[in-house]
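Student: Would you mind keeping the following structure in view while I ask a few things?
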Amino acid sequence: MKRVKTGIKGLDSLIGGGFLEGHSVLVCGAPGTGKTIFGLQFLYKGITESNENGLYVNVEDNIPKLKFYASEFGWNLDKLQNEKKIDFLEIPIDRMGFKIVDAVADKAAEINAKRIVIDSLSALSINAKRFDLPLRDQPDPTGTIGGKILHTAGYIPFEDTQQFTYLFIYRVSDLGATTLFLTDTPPSSEILTKDGVSEFVCDGVVYLQLHDTSKNVNRTLSVKKMRGSEIVPGMNSLKFTKKGLEVGEFKAFY
Ligand SMILES: Nc1ncnc2c1ncn2[C@@H]1O[C@H](COP(=O)(O)OP(=O)(O)O)[C@@H](O)[C@H]1O
Ligand SMILES: [Mg+2]
């Protein structure tokens, strides 16, 4: 398998050279830990340094806000969008029956996206009941296709958040792009996610933390899991620079 550069300075060397192409990576952390910037940087650098187009699937921040945050680091997303190198998919949460995986697949295909960011899994799972996901190997519900088993026939609305999360990660990963699933971790807890399933379904887990002290706020990044890669364990400093997020030298083990 090929490795793709993460675009986050200092991270590739912690995970054996980069993400494995097509992997699904969970980026978890409490609100304000830098997940959205991480996701934007992964796409921006993917386009400008690795020639891989990217799709940003957003629920929480709207597109003008995302573009503004990016502009603070000198990343001009309007230009890249005009060149059809980046695109955004805003997920409606105010209607029932949205076929979310189809929508992601269609939008990704339009720009031949090799990278996808889902911001955020936690916001989607709260609204799990609103979405329909195509299930594999369902008999055609109308019975009109000669009794053949269809790949994506049969939609069911999701009642269960964990099942939605599991299946959503599974189906989006199936699209073949290298995908970051951003998710909110409950503040000050030992657990990585509210749903309790995404950390084992995803191929990798990157954990962002904020450590408040009386003098300043320190950010850290830890690689918790990366299938197929030798990882460097421990907490590494994570800093905002004028060019984006950067993983630093500091290390603490826990
Ligand atoms: N241009 C910037 N320069 C310095 N810090 C920034 C910048 N943009 C965002 N931040 C910091 O990152 C935090 C939010 O990052 P964000 O990626 O939106 O977090 P999350 O998605 O995890 O909630 C802000 O609270 C701020 O501290
Ligand atoms: Mg965010």
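Each chain of the structure tokens is named A, B, ... in the order shown, its residues numbered from 1; ligands are numbered from 1 in display order.
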Could you go through range 48-251 of chain A and tell me which residues DSSP, when run on the backbone, assigns to strand (DSSP E), listing them as a PyMOL selection string?
Tutor: chain A and resi 54-58+86-90+98-99+115-119+131-134+138-139+149-150+155-157+178-184+204-212+217-226+235-241+244-251
Student: Determine which residues of range 16-237 of chain A DSSP labels as helix (DSSP H, G or I) from the backbone of this structure, then write them out as number ranges by chain.
Tutor: A: 35-50, 63-71, 77-82, 100-110, 121-126, 128-130, 161-173, 198-201
Student: Put those residues in a file: C-alpha atoms, as an mmCIF file, in the first residue's frame.
Tutor:
```
data_model
loop_
_atom_site.group_PDB
_atom_site.id
_atom_site.type_symbol
_atom_site.label_atom_id
_atom_site.label_comp_id
_atom_site.auth_asym_id
_atom_site.auth_seq_id
_atom_site.Cartn_x
_atom_site.Cartn_y
_atom_site.Cartn_z
ATOM 1 C CA LYS A 35 -9.722 19.151 14.594
ATOM 2 C CA THR A 36 -11.293 21.409 11.969
ATOM 3 C CA ILE A 37 -7.982 23.131 11.165
ATOM 4 C CA PHE A 38 -6.331 19.688 11.015
ATOM 5 C CA GLY A 39 -8.947 18.580 8.482
ATOM 6 C CA LEU A 40 -8.621 21.724 6.355
ATOM 7 C CA GLN A 41 -4.829 21.430 6.359
ATOM 8 C CA PHE A 42 -4.966 17.756 5.344
ATOM 9 C CA LEU A 43 -7.021 18.753 2.280
ATOM 10 C CA TYR A 44 -5.153 21.958 1.434
ATOM 11 C CA LYS A 45 -1.717 20.328 1.598
ATOM 12 C CA GLY A 46 -3.073 17.277 -0.169
ATOM 13 C CA ILE A 47 -3.978 19.457 -3.140
ATOM 14 C CA THR A 48 -0.988 21.783 -3.144
ATOM 15 C CA GLU A 49 1.767 19.334 -2.185
ATOM 16 C CA SER A 50 0.505 15.859 -3.144
ATOM 17 C CA ILE A 63 -18.541 26.996 4.197
ATOM 18 C CA PRO A 64 -17.732 30.753 4.450
ATOM 19 C CA LYS A 65 -16.513 30.202 8.023
ATOM 20 C CA LEU A 66 -14.301 27.287 6.967
ATOM 21 C CA LYS A 67 -12.849 29.392 4.151
ATOM 22 C CA PHE A 68 -12.138 32.192 6.585
ATOM 23 C CA TYR A 69 -10.356 29.913 9.073
ATOM 24 C CA ALA A 70 -8.248 28.584 6.194
ATOM 25 C CA SER A 71 -7.436 32.114 4.960
ATOM 26 C CA LEU A 77 -9.855 27.680 -0.790
ATOM 27 C CA ASP A 78 -11.995 29.784 -3.165
ATOM 28 C CA LYS A 79 -9.304 29.490 -5.813
ATOM 29 C CA LEU A 80 -8.986 25.729 -5.322
ATOM 30 C CA GLN A 81 -12.758 25.352 -5.451
ATOM 31 C CA ASN A 82 -12.884 27.248 -8.770
ATOM 32 C CA ILE A 100 -25.841 10.589 3.060
ATOM 33 C CA VAL A 101 -23.404 8.032 1.651
ATOM 34 C CA ASP A 102 -24.734 8.508 -1.881
ATOM 35 C CA ALA A 103 -24.360 12.278 -1.481
ATOM 36 C CA VAL A 104 -20.747 11.926 -0.315
ATOM 37 C CA ALA A 105 -19.969 9.431 -3.092
ATOM 38 C CA ASP A 106 -21.451 11.644 -5.838
ATOM 39 C CA LYS A 107 -19.685 14.786 -4.668
ATOM 40 C CA ALA A 108 -16.362 12.951 -4.260
ATOM 41 C CA ALA A 109 -16.683 11.498 -7.765
ATOM 42 C CA GLU A 110 -17.370 14.956 -9.270
ATOM 43 C CA LEU A 121 -18.910 12.223 12.989
ATOM 44 C CA SER A 122 -20.261 13.222 16.388
ATOM 45 C CA ALA A 123 -22.579 15.843 14.861
ATOM 46 C CA LEU A 124 -23.819 13.313 12.309
ATOM 47 C CA SER A 125 -24.409 10.579 14.854
ATOM 48 C CA ILE A 126 -26.569 12.893 16.967
ATOM 49 C CA ALA A 128 -28.465 9.454 12.952
ATOM 50 C CA LYS A 129 -32.242 9.007 12.765
ATOM 51 C CA ARG A 130 -32.441 11.496 9.901
ATOM 52 C CA THR A 161 -26.409 5.870 16.874
ATOM 53 C CA GLN A 162 -23.711 3.248 17.265
ATOM 54 C CA GLN A 163 -24.956 1.200 14.356
ATOM 55 C CA PHE A 164 -25.151 4.321 12.202
ATOM 56 C CA THR A 165 -21.600 5.305 13.168
ATOM 57 C CA TYR A 166 -20.252 1.856 12.408
ATOM 58 C CA LEU A 167 -21.970 1.535 9.065
ATOM 59 C CA PHE A 168 -21.292 5.131 8.016
ATOM 60 C CA ILE A 169 -17.528 4.744 8.576
ATOM 61 C CA TYR A 170 -17.609 1.406 6.818
ATOM 62 C CA ARG A 171 -19.443 2.699 3.751
ATOM 63 C CA VAL A 172 -17.528 5.971 3.404
ATOM 64 C CA SER A 173 -14.225 4.079 3.745
ATOM 65 C CA SER A 198 -15.501 4.607 15.834
ATOM 66 C CA GLU A 199 -12.095 4.097 17.467
ATOM 67 C CA PHE A 200 -12.096 0.411 16.656
ATOM 68 C CA VAL A 201 -13.761 0.660 13.241
#
```
Student: How would you write, as a VMD selection string, the set of residues no farther than 8 Å from ligand 2 when counting only C-alpha atoms and all ligand atoms?
Tutor: chain A and resid 31 to 32 34 to 37 60 to 61 119 to 120 182
Student: Let me see the file: selected residues, C-alpha atoms, as a PDB file, in the first residue's frame.
Tutor:
```
ATOM      1  CA  PRO A  31     -14.036  21.118  21.238  1.00  0.00           C
ATOM      2  CA  GLY A  32     -11.304  23.653  20.407  1.00  0.00           C
ATOM      3  CA  GLY A  34      -7.881  21.936  16.438  1.00  0.00           C
ATOM      4  CA  LYS A  35      -9.722  19.151  14.594  1.00  0.00           C
ATOM      5  CA  THR A  36     -11.293  21.409  11.969  1.00  0.00           C
ATOM      6  CA  ILE A  37      -7.982  23.131  11.165  1.00  0.00           C
ATOM      7  CA  GLU A  60     -20.864  22.188  12.182  1.00  0.00           C
ATOM      8  CA  ASP A  61     -19.188  25.209  10.555  1.00  0.00           C
ATOM      9  CA  ASP A 119     -16.579  17.207  10.187  1.00  0.00           C
ATOM     10  CA  SER A 120     -17.937  15.774  12.323  1.00  0.00           C
ATOM     11  CA  LEU A 182     -13.354  14.193  13.032  1.00  0.00           C
TER      12      LEU A 182
END
```
Student: Taking into account only C-alpha atoms and all ligand atoms, which residue in the set A:Asn127, A:Asn112, A:Thr178, A:Thr185 is nearest to ligand 1?
Tutor: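 Among the listed residues, the smallest separation from ligand 1 belongs to A:Thr185.
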Student: Interatomic distance between CA of Leu175 in chain A and CA of Phe73 in chain A?
Tutor: 29.7 Å
Student: Smallest atom-to-atom distance to Val247 in chain A: which of A:Met1, A:His23, A:Glu190, A:Thr220, using only C-alpha atoms?
Tutor: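 Selected residue with least distance to Val247 in chain A: A:Thr220.
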Student: Taking only C-alpha atoms and all ligand atoms into account, which of A:Gly22, A:Gly29, A:Gly228, A:Gly16 comes nearest ligand 1?
Tutor: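 The answer is A:Gly29, which sits nearest to ligand 1.
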Student: Which residue is closest to Phe88 in chain A? Choose from A:Gly74, A:Gly204, A:Pro233, A:Gly54 and count only C-alpha atoms.
Tutor: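 Checking each of A:Gly74, A:Gly204, A:Pro233, A:Gly54 against Phe88 in chain A, counting only C-alpha atoms, the winner is A:Gly54.
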Student: Let me make sure I understand: among A:Ile191, A:Val232, A:Leu89, A:Ile118, which one has the smallest atom-to-atom distance to ligand 1 if we use only C-alpha atoms and all ligand atoms?
Tutor: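 For ligand 1, the nearest of the given residues is A:Ile118.
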Student: Restricting the calculation to only C-alpha atoms and all ligand atoms: of A:Ile116, A:Met226, A:Leu55, A:Leu208, which residue gets closest to ligand 1?
Tutor: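 Closest residue, counting only C-alpha atoms and all ligand atoms: A:Leu208.
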Student: I'd like the interatomic distance between CA of Leu26 in chain A and CA of Val205 in chain A, to a tenth of an Å.
Tutor: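 Distance between the two atoms: 4.7 Å.
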